[in-house]
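Visitor: Got a structure here, written out as C-alpha cells. Questions coming.
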Amino acid sequence: MSIIKVSDLTYCYGKGTPFEKVALDNVSFNIEKGEFVAIIGHTGSGKSTLVSHLNGLLRADSGVVELDGENIFNKGYDLRSVRFRVGLVFQYPEYQLFEETVYKDIAFGPKNMGLSDEEVRERVIWAAKALEIKAELLNKSPFELSGGQKRRVAIAGVIAMRPEVLVLDEPAAGLDPAGRDRVMRLITDYRDRTGSTVVIVSHSMETAARYADKVVVLNNGKLFMCGSPDEVFSRADEIEKIGLSLPPVTKLIHSLIKEGYDLPENIYTAHQAAEALLSLKSKGGER
Amino acid sequence: MQETLIRCENVSFQYGEERDNLTALKNIDLEINRGEFVAILGHNGSGKSTLAKHFNAVLTPTNEGRVLVGGIDTKDEERVFEVRRQVGMVFQNPDNQIVATVVEEDVAFAPENLGVEPSEIRRRVDEALEAVGMSEYKKHAPHKLSGGQKQRVAIAGVLAMQSDCIVLDEPTAMLDPQGREQVISTIVKLAREQGKTVVLITHFMEEAALCDRVIVMNDGQILLDGTPKEVFSKRAELKSVGLSVPAVTELCAILNESGLDISPDIISEEECLKEVSRVLKG
C-alpha cells in the first residue's frame, strides 16, 4: 500500500519574477509503506525541492501529495500533523542544533507534539539508543560533540517524533568513511526495527544501490527514472549522460561486460565484484 | 634538489585550557617540499584540519615546537602576512568564503589587500580565473554559481595572491559528483602543470589516490606517510582507524587474498581494469 503518492507535482521558484525557474515539472511516483527509497540527481535537479513537498514545507503550484490517501494540500488539512508524521532531516542538520543540552535538543520535537514529560523522556532515551548516543552525552552541550556525534543527535531529534516516514537529505555527507557506514547502518536498523518508511536524498549511487528498494532519478526537475536499483543501474549509459556517475566497481564490471565477459550487471560493491569475478574465473573465465 | 617549503618540528597543539584533555596534535615532525602534491587523510577529529591550520599560521603550536614556512617561523607575528601570502587556504563550505558580489571582485579581494597595483591585479585576476576555468563567469554573481564553481572561485582567490602553496580542507565534501570532478581536476592541474605545492585534506580515498604522497593522521599523530600505493596497501591498518581504501583497491586486495595472481596495490580504475582483464585471460 502506498503511504505517499506524488502526482503531477509542479513547482516554480520566483513565479512571476524575471528569475522564474521550474524546479519540479509534473513529477509522479509512489512510496510504499516500509519501503527504502533513494532520490538521486545532480545539484539543481529538484531533489531537495521534492522532499520539501513531502511534509508540506513547500506547497506545489499544481499536483498532489497524498499521505495515506489524503491530499495534504487540501483546504483544512492539518499540515502540522504532517510534520510529525513525515520527519525531515535536512542537509548538515548539525547546524540546526540549538538547545543547551543534547537531551533538550532531542526532546524538542516530542515536546512540540504535546506529549507528557514522561513520554518525552522515554522517546529521548529510545531515540538516543537507536542512534548509539551514549547516556553520558545527554547532559552535555551539543556544541561539545564531534561532527559525527552532532549528526547523530540531529537525526535522533527527528526520529524521537516516531515519524511514519523518515526523510533524510544527504545523511552521510561530509563524514569520514566509518562515520558514513555507521549512519547508514543505524538508519537501516531503525527501519528494520520499526517498519518505518525511509526516503534518502543522495549523490552517491553506491548508497542508493546498497540500501534502497527503489531509486527515483530526477533530472532538470523531471522524473527521469524510477525502479529497483537493478532496473535503474542497468541503464548505466543514460545515467552517466545526465551527469551522475556509477560506483567505480560497477563501471569496471560494465567495461568487462562490453569486452564480452559473462558477468551480472547489478554489481555495486567490491565484495560483490570479487564474488562475481571469482565465480567467472572458476568457470574457466572464457568469453 | 628538493626544497622544503613547510617544516613542522615537534608540533603539539592543545585546544583551550579548560578542556585540557583535548590535545589535537602530538609532537608532529613533518616536511613538505616545494611542488609536492600531498593528501592528508584521517577520521573526523584525527587532527588533520588542526595540522593544516598550522601551515599558514591560523594556529601556532602550543608547545615549544615550531612551524617554518619558507624558513619563516609562524610564531613570528611581524611576518605572519608573509606566511599567509605563501600559503593560501580553501575551506569546506563554498558559501562561507566568498566576500564580494561579483566573481572577479572576489578574486581581486586578496591582492587588493596586499596593495598590488590595479593593472597587476587585473592581470592576476584574469590569469587566476583562466586557470580554474571560470573566465566566462567573471561578471557573474557568486551566489548564483554551483558549489563546484564557487570552490573554483575560492581557489582562484588564492592563485591571485600568487601563493606558492594551496591548502584545501575537504574542498569537495559538500559538492555533488560533477562539482567534485571540476574541483579535483582543477587541483590536479595546478599541481601537475603549474607546479604549485598542494595539500589536500579529504575523506575521499579516490582523491588521495591521485596525489604523490599520502599522510594518514590518527589521534593527533602521523600514522602513515608514503606514496598512495604504499599507504593503500595497508588496508587493515586504515580500516582500524575508520578509513577505507579506494573501491578498486579493495577489489584487487580481495581477489589477491582469494588466491588470484593479481597485484594488490592497484589504486586507479584504469589499472584495475587492465589487471582484472589480464587475470581473466590468463
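How things are named: the first chain in the C-alpha cells is A, the next is B, and so on; residues count from 1 in each chain; ligands count from 1 in the order shown.
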Can you tell me, as a PyMOL selection string, what residues are no more than 6 Å from B:Ala24 when counting only C-alpha atoms, ignoring any on the same chain fewer than 3 positions away?

Guide: chain B and resi 13-14+47+220

Visitor: Would you write out those residues with C-alpha atoms, as a short mmCIF file (atom, residue, chain, number, x, y, z; two decimals), in the first residue's frame?

Guide:
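The file below, out07.cif, is the result:
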```
data_model
loop_
_atom_site.label_atom_id
_atom_site.label_comp_id
_atom_site.auth_asym_id
_atom_site.auth_seq_id
_atom_site.Cartn_x
_atom_site.Cartn_y
_atom_site.Cartn_z
CA PHE B 13 48.57 21.76 19.81
CA GLN B 14 46.01 21.86 22.56
CA GLY B 47 43.78 16.37 13.88
CA GLY B 220 46.92 13.74 16.66
#
```

Visitor: Neighbours of B:Leu273 within 9 Å (only C-alpha atoms; same-chain residues fewer than 3 positions away dropped), as a list in words?

Guide: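 Within the cut-off, the hits are Leu252, Ile253, Ser255 and Leu256 of chain A; Val248, Ser268, Glu269, Glu270, Val276, Ser277 and Arg278 of chain B.
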
Visitor: Go through B:Phe109, B:Phe81, B:Phe91, B:Tyr15 one by one, measure the shortest atom-to-atom distance of each to B:Asn63 using only C-alpha atoms, and give the residue with the smallest value.

Guide: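 Nearest candidate to B:Asn63 out of B:Phe109, B:Phe81, B:Phe91, B:Tyr15: B:Tyr15.
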
Visitor: Select, as a PyMOL selection string, those residues of chain A with any atom no more than 8 Å from chain B (distances computed using only C-alpha atoms).

Guide: chain A and resi 42-43+146-148+173-179+203+243-245+248-249+252+255-256+269-271+273-274+278+281+285-286

Visitor: Those residues with C-alpha atoms, as a compact mmCIF listing (two decimals), in the first residue's frame please?

Guide:
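What landed in out.txt:
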```txt
# COMPACT_ATOMS: atom_id res chain seq x y z
CA HIS A 42 22.76 16.15 -9.67
CA THR A 43 22.64 19.55 -7.99
CA SER A 146 32.29 15.81 17.36
CA GLY A 147 30.82 16.25 13.89
CA GLY A 148 29.68 12.64 13.66
CA ALA A 173 27.65 13.87 3.52
CA GLY A 174 30.91 15.19 4.96
CA LEU A 175 31.53 12.24 7.29
CA ASP A 176 34.60 10.03 7.22
CA PRO A 177 34.22 6.51 5.77
CA ALA A 178 33.50 4.85 9.12
CA GLY A 179 31.05 7.63 10.03
CA HIS A 203 24.54 11.99 -4.63
CA GLY A 243 25.85 13.87 -15.04
CA LEU A 244 25.64 11.12 -12.45
CA SER A 245 28.41 8.63 -12.07
CA PRO A 248 33.82 2.56 -9.61
CA VAL A 249 33.38 -1.22 -9.42
CA LEU A 252 34.69 -1.81 -14.07
CA SER A 255 33.60 -2.41 -19.09
CA LEU A 256 34.33 -6.12 -18.73
CA THR A 269 30.45 -3.11 -4.09
CA ALA A 270 33.98 -4.51 -4.11
CA HIS A 271 32.74 -7.68 -2.39
CA ALA A 273 32.53 -7.74 -7.76
CA ALA A 274 35.10 -10.07 -6.22
CA LEU A 278 35.95 -15.42 -8.76
CA LYS A 281 37.28 -17.46 -13.12
CA GLY A 285 36.79 -17.34 -17.41
CA GLU A 286 36.21 -17.78 -21.12
```

Visitor: Tell me which protein, DNA and RNA residues are within 12 Å of A:Thr194, counting only C-alpha atoms, leaving out same-chain ones fewer than 6 positions away, and put them as a list in words.

Guide: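 Listed by chain and then number, they are Lys33, Gly34, Glu35, Trp126, Ala127, Ala130, Ile159, Arg162, Pro163, Glu164, Val165, Leu166, Ile187 and Thr188 of chain A.
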
Visitor: I'd like the neighbourhood of A:Ser204 as a ChimeraX atom specification, where a residue qualifies if any of its atoms comes within 12 Å (using only C-alpha atoms), though same-chain residues fewer than 2 positions away should be ignored.

Guide: /A:38-42,169-173,180,200-202,206-212,215,217,244-248,268 /B:175-178

Visitor: Would you pick out the contacts of A:Asp189 at 12 Å or less, using only C-alpha atoms, so that residues sharing its chain but fewer than 3 positions from it are not included, and give the list as a PDB file with N, CA and C atoms, in the first residue's frame?

Guide:
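Here's the written file around_17.pdb:
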```pdb
ATOM      1  N   PHE A  36      12.333   1.540   1.361  1.00  0.00           N
ATOM      2  CA  PHE A  36      13.530   2.376   1.483  1.00  0.00           C
ATOM      3  C   PHE A  36      13.771   2.972   0.102  1.00  0.00           C
ATOM      4  N   LYS A 129      19.324   5.872  22.038  1.00  0.00           N
ATOM      5  CA  LYS A 129      19.816   4.498  21.948  1.00  0.00           C
ATOM      6  C   LYS A 129      19.877   4.039  20.487  1.00  0.00           C
ATOM      7  N   ALA A 130      18.815   4.364  19.761  1.00  0.00           N
ATOM      8  CA  ALA A 130      18.758   3.951  18.359  1.00  0.00           C
ATOM      9  C   ALA A 130      19.913   4.547  17.552  1.00  0.00           C
ATOM     10  N   LEU A 131      20.370   5.733  17.920  1.00  0.00           N
ATOM     11  CA  LEU A 131      21.457   6.380  17.179  1.00  0.00           C
ATOM     12  C   LEU A 131      22.802   6.206  17.891  1.00  0.00           C
ATOM     13  N   GLU A 132      22.868   5.281  18.852  1.00  0.00           N
ATOM     14  CA  GLU A 132      24.116   4.995  19.576  1.00  0.00           C
ATOM     15  C   GLU A 132      24.725   6.243  20.201  1.00  0.00           C
ATOM     16  N   ARG A 182      28.421   4.040   9.493  1.00  0.00           N
ATOM     17  CA  ARG A 182      27.684   3.943  10.738  1.00  0.00           C
ATOM     18  C   ARG A 182      26.306   4.596  10.623  1.00  0.00           C
ATOM     19  N   VAL A 183      26.259   5.810  10.078  1.00  0.00           N
ATOM     20  CA  VAL A 183      24.968   6.490   9.943  1.00  0.00           C
ATOM     21  C   VAL A 183      24.028   5.671   9.062  1.00  0.00           C
ATOM     22  N   MET A 184      24.546   5.131   7.968  1.00  0.00           N
ATOM     23  CA  MET A 184      23.674   4.347   7.089  1.00  0.00           C
ATOM     24  C   MET A 184      23.204   3.064   7.773  1.00  0.00           C
ATOM     25  N   ARG A 185      24.094   2.444   8.554  1.00  0.00           N
ATOM     26  CA  ARG A 185      23.709   1.223   9.261  1.00  0.00           C
ATOM     27  C   ARG A 185      22.613   1.535  10.286  1.00  0.00           C
ATOM     28  N   LEU A 186      22.754   2.650  11.012  1.00  0.00           N
ATOM     29  CA  LEU A 186      21.770   2.998  12.034  1.00  0.00           C
ATOM     30  C   LEU A 186      20.408   3.304  11.413  1.00  0.00           C
ATOM     31  N   ASP A 192      14.428  -1.364   9.926  1.00  0.00           N
ATOM     32  CA  ASP A 192      14.106  -2.777  10.136  1.00  0.00           C
ATOM     33  C   ASP A 192      13.335  -2.996  11.431  1.00  0.00           C
ATOM     34  N   ARG A 193      13.713  -2.229  12.466  1.00  0.00           N
ATOM     35  CA  ARG A 193      13.091  -2.440  13.763  1.00  0.00           C
ATOM     36  C   ARG A 193      11.682  -1.861  13.838  1.00  0.00           C
ATOM     37  N   THR A 194      11.472  -0.694  13.205  1.00  0.00           N
ATOM     38  CA  THR A 194      10.188  -0.020  13.368  1.00  0.00           C
ATOM     39  C   THR A 194       9.265  -0.203  12.174  1.00  0.00           C
ATOM     40  N   GLY A 195       9.808  -0.695  11.072  1.00  0.00           N
ATOM     41  CA  GLY A 195       8.979  -0.826   9.874  1.00  0.00           C
ATOM     42  C   GLY A 195       8.635   0.509   9.245  1.00  0.00           C
ATOM     43  N   SER A 196       9.341   1.573   9.647  1.00  0.00           N
ATOM     44  CA  SER A 196       9.061   2.893   9.072  1.00  0.00           C
ATOM     45  C   SER A 196       9.494   2.945   7.613  1.00  0.00           C
ATOM     46  N   VAL A 198      11.527   4.908   4.771  1.00  0.00           N
ATOM     47  CA  VAL A 198      12.682   5.808   4.763  1.00  0.00           C
ATOM     48  C   VAL A 198      12.923   6.332   3.356  1.00  0.00           C
ATOM     49  N   TYR A 211      21.437   0.316  -0.357  1.00  0.00           N
ATOM     50  CA  TYR A 211      20.413   0.338   0.685  1.00  0.00           C
ATOM     51  C   TYR A 211      18.978   0.404   0.168  1.00  0.00           C
TER      52      TYR A 211
END
```

Visitor: May I ask for the distance between atom CA of B:Val198 and atom CA of B:Met89, given in Å to one decimal place?

Guide: 10.1 Å

Visitor: Please identify which residues in stretch 50-258 of chain B DSSP calls strand (DSSP E) from the backbone, and express them as JSON, numbers by chain.

Guide: {"B": [66, 67, 68, 69, 72, 73, 87, 88, 89, 90, 165, 166, 167, 168, 169, 197, 198, 199, 200, 201, 213, 214, 215, 216, 217, 218, 221, 222, 223, 224, 225, 226]}

Visitor: Would you mind exporting N, CA and C atoms of the selected residues as a compact mmCIF listing (two decimals), in the first residue's frame?

Guide:
```txt
# COMPACT_ATOMS: atom_id res chain seq x y z
N ARG B 66 57.80 24.21 16.53
CA ARG B 66 57.59 25.32 15.60
C ARG B 66 57.30 24.84 14.17
N VAL B 67 56.68 25.75 13.43
CA VAL B 67 56.40 25.50 12.03
C VAL B 67 57.13 26.56 11.23
N LEU B 68 57.92 26.13 10.25
CA LEU B 68 58.63 27.07 9.39
C LEU B 68 58.04 27.00 7.99
N VAL B 69 57.62 28.15 7.47
CA VAL B 69 57.10 28.20 6.11
C VAL B 69 58.06 29.05 5.29
N ILE B 72 60.31 30.91 7.49
CA ILE B 72 59.78 31.86 8.47
C ILE B 72 59.02 31.11 9.57
N ASP B 73 59.33 31.42 10.80
CA ASP B 73 58.64 30.81 11.94
C ASP B 73 57.23 31.42 12.03
N VAL B 87 51.16 30.68 1.64
CA VAL B 87 50.27 29.52 1.78
C VAL B 87 48.83 30.01 1.87
N GLY B 88 48.02 29.69 0.86
CA GLY B 88 46.62 30.10 0.87
C GLY B 88 45.73 28.93 1.24
N MET B 89 44.59 29.22 1.86
CA MET B 89 43.70 28.12 2.26
C MET B 89 42.35 28.21 1.58
N VAL B 90 41.80 27.03 1.29
CA VAL B 90 40.43 26.92 0.77
C VAL B 90 39.69 25.99 1.71
N CYS B 165 51.79 27.80 -2.30
CA CYS B 165 51.17 26.58 -1.78
C CYS B 165 49.70 26.80 -1.51
N ILE B 166 48.88 25.83 -1.88
CA ILE B 166 47.45 25.89 -1.59
C ILE B 166 47.09 24.74 -0.67
N VAL B 167 46.46 25.06 0.45
CA VAL B 167 45.98 24.04 1.36
C VAL B 167 44.47 24.01 1.24
N LEU B 168 43.91 22.83 0.92
CA LEU B 168 42.46 22.73 0.75
C LEU B 168 41.90 21.77 1.79
N ASP B 169 41.00 22.28 2.63
CA ASP B 169 40.44 21.47 3.70
C ASP B 169 39.09 20.90 3.27
N THR B 197 52.56 23.80 -4.92
CA THR B 197 52.55 22.85 -3.82
C THR B 197 51.10 22.74 -3.37
N VAL B 198 50.56 21.53 -3.31
CA VAL B 198 49.15 21.38 -2.95
C VAL B 198 49.01 20.41 -1.78
N VAL B 199 48.30 20.83 -0.75
CA VAL B 199 47.98 19.95 0.37
C VAL B 199 46.47 19.78 0.37
N LEU B 200 46.02 18.55 0.15
CA LEU B 200 44.58 18.28 0.02
C LEU B 200 44.12 17.41 1.19
N ILE B 201 43.26 17.99 2.02
CA ILE B 201 42.69 17.20 3.10
C ILE B 201 41.37 16.63 2.61
N ARG B 213 51.79 11.81 -2.57
CA ARG B 213 52.13 11.39 -1.22
C ARG B 213 50.87 11.45 -0.38
N VAL B 214 50.70 10.45 0.50
CA VAL B 214 49.52 10.41 1.36
C VAL B 214 49.98 10.33 2.81
N ILE B 215 49.47 11.25 3.63
CA ILE B 215 49.78 11.23 5.07
C ILE B 215 48.49 10.86 5.80
N VAL B 216 48.56 9.88 6.68
CA VAL B 216 47.38 9.47 7.43
C VAL B 216 47.54 9.89 8.88
N MET B 217 46.56 10.65 9.38
CA MET B 217 46.59 11.11 10.77
C MET B 217 45.68 10.24 11.61
N ASN B 218 46.10 10.00 12.84
CA ASN B 218 45.22 9.35 13.80
C ASN B 218 45.57 9.84 15.19
N GLN B 221 48.50 12.18 15.67
CA GLN B 221 49.84 11.77 15.24
C GLN B 221 49.82 11.30 13.80
N ILE B 222 51.01 11.26 13.20
CA ILE B 222 51.09 10.73 11.84
C ILE B 222 51.22 9.22 11.92
N LEU B 223 50.24 8.54 11.33
CA LEU B 223 50.22 7.08 11.40
C LEU B 223 50.95 6.48 10.20
N LEU B 224 50.68 7.02 9.03
CA LEU B 224 51.32 6.51 7.81
C LEU B 224 51.73 7.70 6.95
N ASP B 225 52.79 7.54 6.18
CA ASP B 225 53.27 8.59 5.29
C ASP B 225 54.00 7.90 4.15
N GLY B 226 53.46 7.99 2.95
CA GLY B 226 54.13 7.32 1.83
C GLY B 226 53.41 7.61 0.53
```

Visitor: Go through A:Ala107, A:Met113, A:Ala156, A:Val102 and flag the residue nearest A:Lys140, using only C-alpha atoms for the distances.

Guide: A:Val102

Visitor: Pick out the residues sitting within 7 Å of A:Val6, and hand them over as a PyMOL selection string; count only C-alpha atoms, and ignore anything fewer than 3 positions along from it in its own chain.

Guide: chain A and resi 9+28-30+64-66
